[in-house]
Amino acid sequence: MSHDAATIRIVAAVITDAARRVLVVRKHGSAVFIQPGGKPEPGDAPLAALARELDEELGVQLDPATAVPLGAYSDWAVHETGCRVHAEAWWVQVLGTPQARAEIAELAWVPLRPPHGRRLAPLSEDHILPAAARVIAPG
(Lines give C-alpha, C1' and ligand atoms only; values in the text may rest on other atoms or scores of the structure.)
Protein backbone atom coordinates (compact mmCIF):
# COMPACT_ATOMS: atom_id res chain seq x y z
CA MET A 1 0.00 0.00 0.00
CA SER A 2 1.09 3.54 -0.68
CA HIS A 3 2.68 5.62 2.06
CA ASP A 4 1.19 8.80 0.57
CA ALA A 5 -2.44 7.72 1.04
CA ALA A 6 -5.01 10.44 1.58
CA THR A 7 -5.89 10.99 5.22
CA ILE A 8 -9.48 11.47 6.37
CA ARG A 9 -9.75 13.36 9.66
CA ILE A 10 -12.63 12.44 11.96
CA VAL A 11 -13.86 12.69 15.53
CA ALA A 12 -15.03 9.47 17.19
CA ALA A 13 -17.11 8.74 20.27
CA VAL A 14 -16.89 5.97 22.80
CA ILE A 15 -20.33 5.78 24.40
CA THR A 16 -20.80 3.22 27.16
CA ASP A 17 -23.85 1.80 28.90
CA ALA A 18 -24.25 0.78 32.55
CA ALA A 19 -22.68 -2.63 31.78
CA ARG A 20 -19.59 -0.91 30.25
CA ARG A 21 -20.52 -2.07 26.77
CA VAL A 22 -19.57 0.25 23.93
CA LEU A 23 -21.88 1.51 21.20
CA VAL A 24 -20.73 0.81 17.63
CA VAL A 25 -22.53 1.62 14.40
CA ARG A 26 -22.74 0.14 10.92
CA LYS A 27 -23.34 2.31 7.87
CA HIS A 28 -25.75 1.29 5.11
CA GLY A 29 -23.93 -0.96 2.61
CA SER A 30 -21.16 -1.95 5.05
CA ALA A 31 -20.52 -5.10 7.06
CA VAL A 32 -18.07 -3.37 9.42
CA PHE A 33 -18.93 -1.58 12.66
CA ILE A 34 -17.21 1.67 13.60
CA GLN A 35 -17.36 4.24 16.40
CA PRO A 36 -20.05 6.89 16.01
CA GLY A 37 -18.74 10.23 14.84
CA GLY A 38 -17.71 11.84 11.61
CA LYS A 39 -15.82 14.49 9.74
CA PRO A 40 -15.49 17.98 11.21
CA GLU A 41 -16.54 20.87 9.02
CA PRO A 42 -14.07 23.71 8.46
CA GLY A 43 -13.65 25.69 11.67
CA ASP A 44 -15.34 23.06 13.86
CA ALA A 45 -13.92 22.40 17.30
CA PRO A 46 -13.64 18.62 17.82
CA LEU A 47 -16.40 18.33 20.44
CA ALA A 48 -18.73 20.61 18.46
CA ALA A 49 -18.26 18.37 15.41
CA LEU A 50 -18.82 15.28 17.53
CA ALA A 51 -21.99 16.75 19.05
CA ARG A 52 -23.38 17.52 15.57
CA GLU A 53 -22.55 14.05 14.24
CA LEU A 54 -24.06 12.25 17.25
CA ASP A 55 -27.25 14.28 16.87
CA GLU A 56 -27.46 13.58 13.11
CA GLU A 57 -26.55 9.87 13.26
CA LEU A 58 -28.06 8.78 16.58
CA GLY A 59 -30.47 11.50 17.73
CA VAL A 60 -28.63 12.02 21.03
CA GLN A 61 -27.13 15.10 22.66
CA LEU A 62 -23.50 15.09 23.77
CA ASP A 63 -22.83 16.33 27.29
CA PRO A 64 -19.50 18.13 26.66
CA ALA A 65 -18.74 18.36 30.39
CA THR A 66 -18.34 14.55 30.44
CA ALA A 67 -15.90 14.30 27.52
CA VAL A 68 -12.65 12.51 28.30
CA PRO A 69 -10.01 12.59 25.53
CA LEU A 70 -8.74 9.11 24.62
CA GLY A 71 -6.10 10.20 22.12
CA ALA A 72 -5.60 10.41 18.37
CA TYR A 73 -5.20 7.27 16.26
CA SER A 74 -4.71 6.35 12.61
CA ASP A 75 -5.33 3.22 10.54
CA TRP A 76 -6.59 2.20 7.12
CA ALA A 77 -10.14 3.33 6.36
CA VAL A 78 -12.78 0.65 5.87
CA HIS A 79 -15.18 2.75 3.78
CA GLU A 80 -12.75 4.71 1.59
CA THR A 81 -10.39 2.32 -0.20
CA GLY A 82 -6.74 3.32 -0.16
CA CYS A 83 -7.25 6.05 2.43
CA ARG A 84 -6.15 6.32 6.01
CA VAL A 85 -8.39 7.62 8.74
CA HIS A 86 -7.09 9.74 11.62
CA ALA A 87 -9.45 10.01 14.59
CA GLU A 88 -9.55 12.12 17.71
CA ALA A 89 -11.41 9.83 20.12
CA TRP A 90 -13.44 10.85 23.16
CA TRP A 91 -15.26 8.90 25.86
CA VAL A 92 -18.55 10.78 26.21
CA GLN A 93 -21.92 10.61 27.89
CA VAL A 94 -25.03 11.40 25.89
CA LEU A 95 -28.60 12.40 26.63
CA GLY A 96 -31.30 10.40 24.88
CA THR A 97 -31.55 6.88 23.51
CA PRO A 98 -29.37 6.18 20.46
CA GLN A 99 -31.28 5.25 17.31
CA ALA A 100 -30.00 4.50 13.81
CA ARG A 101 -30.52 7.60 11.64
CA ALA A 102 -29.06 9.16 8.47
CA GLU A 103 -26.39 6.85 7.02
CA ILE A 104 -26.46 4.50 10.02
CA ALA A 105 -28.11 1.14 9.34
CA GLU A 106 -27.55 -0.64 12.65
CA LEU A 107 -26.40 -0.09 16.24
CA ALA A 108 -24.77 -2.69 18.48
CA TRP A 109 -23.49 -2.72 22.04
CA VAL A 110 -20.23 -4.68 22.27
CA PRO A 111 -17.94 -5.61 25.16
CA LEU A 112 -15.16 -3.13 25.87
CA ARG A 113 -12.57 -5.91 25.50
CA PRO A 114 -12.47 -8.71 22.89
CA PRO A 115 -14.17 -10.78 21.79
CA HIS A 116 -16.51 -8.06 20.57
CA GLY A 117 -18.93 -10.33 18.69
CA ARG A 118 -19.06 -8.00 15.66
CA ARG A 119 -16.68 -7.22 12.83
CA LEU A 120 -15.03 -3.96 13.88
CA ALA A 121 -12.92 -1.56 11.88
CA PRO A 122 -9.18 -1.77 12.71
CA LEU A 123 -9.29 1.79 14.06
CA SER A 124 -11.88 0.73 16.64
CA GLU A 125 -10.61 -2.74 17.45
CA ASP A 126 -6.86 -2.06 17.50
CA HIS A 127 -6.70 1.53 18.78
CA ILE A 128 -9.81 3.24 20.15
CA LEU A 129 -11.33 0.42 22.22
CA PRO A 130 -8.00 -0.58 23.81
CA ALA A 131 -7.44 3.09 24.74
CA ALA A 132 -10.96 3.29 26.17
CA ALA A 133 -10.43 0.10 28.19
CA ARG A 134 -7.28 1.59 29.76
CA VAL A 135 -9.32 4.60 30.94
CA ILE A 136 -12.75 3.08 31.67
CA ALA A 137 -11.77 -0.29 33.15
CA PRO A 138 -8.04 -0.41 33.86
CA GLY A 139 -6.53 -3.71 34.92
# chains A, B, ... in the order shown; residues from 1 in each chain; ligands from 1
call {"tool": "residues_around", "arguments": {"residues": "stretch 78-90 of chain A", "least_positions_apart": "5", "cutoff": "8 Å", "atoms": "only C-alpha atoms", "output": "MDAnalysis selection string"}}
result
chainID A and resid 1:2 5:14 30 32 46 67:73 121 123 128
call {"tool": "closest_atom_pairs", "arguments": {"of": "stretch 49-105 of chain A", "to": "stretch 37-40 of chain A", "cutoff": "12 Å", "atoms": "only C-alpha atoms", "output": "tab-separated table"}}
result
residue	atom	partner	partner_atom	distance
A:Ala49	CA	A:Pro40	CA	5.1
A:Leu50	CA	A:Gly37	CA	5.7
A:Ala51	CA	A:Gly37	CA	8.4
A:Arg52	CA	A:Gly37	CA	8.7
A:Glu53	CA	A:Gly37	CA	5.4
A:Leu54	CA	A:Gly37	CA	6.2
A:Asp55	CA	A:Gly37	CA	9.6
A:Glu56	CA	A:Gly37	CA	9.5
A:Glu57	CA	A:Gly37	CA	8.0
A:Leu58	CA	A:Gly37	CA	9.6
A:Val60	CA	A:Gly37	CA	11.8
A:Leu62	CA	A:Gly37	CA	11.2
A:Val85	CA	A:Lys39	CA	10.2
A:His86	CA	A:Lys39	CA	10.1
A:Ala87	CA	A:Gly38	CA	9.0
A:Glu88	CA	A:Gly37	CA	9.8
A:Ala89	CA	A:Gly37	CA	9.0
A:Trp90	CA	A:Gly37	CA	9.9
A:Trp91	CA	A:Gly37	CA	11.6
A:Val92	CA	A:Gly37	CA	11.4
A:Glu103	CA	A:Gly38	CA	11.0
A:Ile104	CA	A:Gly37	CA	10.8
call {"tool": "atom_distance", "arguments": {"atom1": "atom CA of A:Gln35", "atom2": "atom CA of A:Ala77"}}
result
12.4 Å
call {"tool": "residues_around", "arguments": {"residues": "A:Gln93", "least_positions_apart": "6", "cutoff": "9 Å", "atoms": "only C-alpha atoms", "output": "CSV table (one decimal) with N, CA and C atoms, in the first residue's frame"}}
result
chain,number,residue,atom,x,y,z
A,14,VAL,N,-16.7,7.2,22.1
A,14,VAL,CA,-16.9,6.0,22.8
A,14,VAL,C,-18.0,6.3,23.8
A,15,ILE,N,-19.2,5.6,23.6
A,15,ILE,CA,-20.3,5.8,24.4
A,15,ILE,C,-20.5,4.4,25.1
A,16,THR,N,-20.6,4.5,26.4
A,16,THR,CA,-20.8,3.2,27.2
A,16,THR,C,-22.2,3.2,27.8
A,61,GLN,N,-27.8,13.9,22.4
A,61,GLN,CA,-27.1,15.1,22.7
A,61,GLN,C,-25.9,14.8,23.5
A,62,LEU,N,-24.8,15.2,23.0
A,62,LEU,CA,-23.5,15.1,23.8
A,62,LEU,C,-23.5,16.0,25.0
A,63,ASP,N,-23.1,15.5,26.1
A,63,ASP,CA,-22.8,16.3,27.3
A,63,ASP,C,-21.3,16.7,27.3
A,64,PRO,N,-20.9,17.8,26.8
A,64,PRO,CA,-19.5,18.1,26.7
A,64,PRO,C,-18.7,18.1,28.0
A,65,ALA,N,-19.4,18.4,29.1
A,65,ALA,CA,-18.7,18.4,30.4
A,65,ALA,C,-18.2,17.0,30.8
A,66,THR,N,-18.8,15.9,30.1
A,66,THR,CA,-18.3,14.5,30.4
A,66,THR,C,-17.2,14.0,29.5
A,67,ALA,N,-16.8,14.8,28.5
A,67,ALA,CA,-15.9,14.3,27.5
A,67,ALA,C,-14.5,14.1,28.1
call {"tool": "closest_residue", "arguments": {"among": "A:Leu112, A:Ala18, A:Val94, A:Leu23", "to": "A:Ala133", "atoms": "only C-alpha atoms"}}
result
A:Leu112
